[in-house]
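Student: Have a look at the structure that comes next, please.
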Amino acid sequence: MDLNLKSKIIFIAGASRGIGLGIAESLPAEGAKVALTARGAETLEQTHAALAEKHGAANLWRMAGDMTQTADIERALD
């Protein structure tokens with residue numbers, strides 16, 4: 001399926017489990033650049049490693065933080 005996401009940047013909060021993980025698993029195959037965030041650093045690293053192994057690391061970025069906190073959101077967007 002072509003969702004016209006090639007080179008689009010998609011920011012996913014809660015990317016290491018649940019719906020966020022499901023979204024994170026599907027977007028790299030569509031050519032999107034994916035920014036993964038989650039509160040748990042260890043789980044996020046595992047998610048990033050699995051996605052990088054499957055899709056390559058070039059279009060994946062990650063940052064652990066609480067996306068309900070303004071400072072973490074600003075840090076992620078920088």
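All residue names refer to the structure tokens as shown: chains lettered A, B, ... in order, residues numbered from 1 in each chain, ligands numbered from 1 in order.
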Taking 6 positions as the minimum chain separation for residues in the same chain, which residues sit within 9 Å of stretch 54-71 of chain A when counting only C-alpha atoms? Answer as a PyMOL selection string.

Tutor: chain A and resi 7+9+13-14+28-29+31-42+44-45+48

Student: Assign secondary structure with DSSP using the backbone only, and return the residues of chain A in strand (DSSP E or B) as an MDAnalysis selection string.

Tutor: chainID A and resid 9:13 33:38 60:64

Student: Would you export the selected residues with N, CA, C and O atoms as a tab-separated table (two decimals), in the first residue's frame, please?

Tutor:
```tsv
chain	number	residue	atom	x	y	z
A	9	ILE	N	8.27	12.98	7.93
A	9	ILE	CA	8.73	12.70	9.29
A	9	ILE	C	7.51	12.47	10.17
A	9	ILE	O	6.63	13.33	10.27
A	10	ILE	N	7.47	11.31	10.79
A	10	ILE	CA	6.36	10.93	11.66
A	10	ILE	C	6.90	10.81	13.08
A	10	ILE	O	7.84	10.09	13.35
A	11	PHE	N	6.30	11.54	14.01
A	11	PHE	CA	6.69	11.56	15.42
A	11	PHE	C	5.70	10.68	16.18
A	11	PHE	O	4.50	10.93	16.16
A	12	ILE	N	6.21	9.64	16.84
A	12	ILE	CA	5.34	8.71	17.56
A	12	ILE	C	5.69	8.72	19.04
A	12	ILE	O	6.80	8.37	19.44
A	13	ALA	N	4.74	9.13	19.86
A	13	ALA	CA	4.88	9.04	21.31
A	13	ALA	C	4.34	7.67	21.72
A	13	ALA	O	3.33	7.20	21.20
A	33	LYS	N	10.27	8.69	7.56
A	33	LYS	CA	11.31	8.87	8.57
A	33	LYS	C	10.57	8.89	9.90
A	33	LYS	O	9.61	9.64	10.07
A	34	VAL	N	10.99	8.03	10.84
A	34	VAL	CA	10.20	7.82	12.04
A	34	VAL	C	10.98	8.23	13.29
A	34	VAL	O	12.10	7.76	13.52
A	35	ALA	N	10.37	9.11	14.07
A	35	ALA	CA	10.92	9.53	15.37
A	35	ALA	C	10.18	8.76	16.44
A	35	ALA	O	8.97	8.92	16.63
A	36	LEU	N	10.89	7.87	17.12
A	36	LEU	CA	10.31	7.02	18.15
A	36	LEU	C	10.56	7.63	19.53
A	36	LEU	O	11.70	7.95	19.85
A	37	THR	N	9.52	7.77	20.33
A	37	THR	CA	9.69	8.21	21.71
A	37	THR	C	8.90	7.28	22.62
A	37	THR	O	7.89	6.71	22.22
A	38	ALA	N	9.41	7.13	23.83
A	38	ALA	CA	8.75	6.33	24.85
A	38	ALA	C	9.40	6.65	26.19
A	38	ALA	O	10.52	7.16	26.23
A	60	LEU	N	15.37	6.07	11.12
A	60	LEU	CA	14.83	5.90	12.47
A	60	LEU	C	15.60	6.75	13.46
A	60	LEU	O	16.82	6.81	13.43
A	61	TRP	N	14.88	7.40	14.35
A	61	TRP	CA	15.47	8.20	15.43
A	61	TRP	C	14.72	7.84	16.69
A	61	TRP	O	13.54	7.51	16.65
A	62	ARG	N	15.37	7.92	17.85
A	62	ARG	CA	14.67	7.62	19.09
A	62	ARG	C	15.15	8.50	20.22
A	62	ARG	O	16.28	8.99	20.22
A	63	MET	N	14.24	8.71	21.18
A	63	MET	CA	14.56	9.44	22.39
A	63	MET	C	13.62	8.99	23.50
A	63	MET	O	12.41	8.96	23.31
A	64	ALA	N	14.19	8.62	24.62
A	64	ALA	CA	13.39	8.28	25.79
A	64	ALA	C	12.99	9.56	26.51
A	64	ALA	O	13.81	10.46	26.68
```

Student: May I have all residues of chain A that DSSP, computed from the backbone, assigns to helix (DSSP H, G or I), given as a PyMOL selection string?

Tutor: chain A and resi 18-26+28-30+41-55+70-77

Student: Ranking A:Arg75, A:Gly18, A:Glu25, A:Lys8 by minimum distance to A:Glu53 and counting only C-alpha atoms, which one comes first?

Tutor: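 Selected residue with least distance to A:Glu53: A:Glu25.
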
Student: For each of A:Thr47, A:Asp78, A:Met1, A:Lys6, take the minimum atom-to-atom distance to A:Gly20, counting only C-alpha atoms, then give the residue where this is smallest.

Tutor: A:Thr47

Student: Please indicate the distance in Å from atom CA of A:Ala24 to atom CA of A:Ala50, rounded to one decimal place.

Tutor: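 Those two atoms sit 10.8 Å apart.
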
Student: Find, counting only C-alpha atoms, the residue in A:Leu3, A:Ala15, A:Leu51, A:Gln46 that gets nearest to A:Glu30.

Tutor: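 Selected residue with least distance to A:Glu30: A:Leu3.
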
Student: Between A:Gly22, A:Leu27, A:Ser16, A:Glu74, which one has atoms that come closest to A:Thr43, using only C-alpha atoms?

Tutor: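 For A:Thr43, the nearest of the given residues is A:Ser16.
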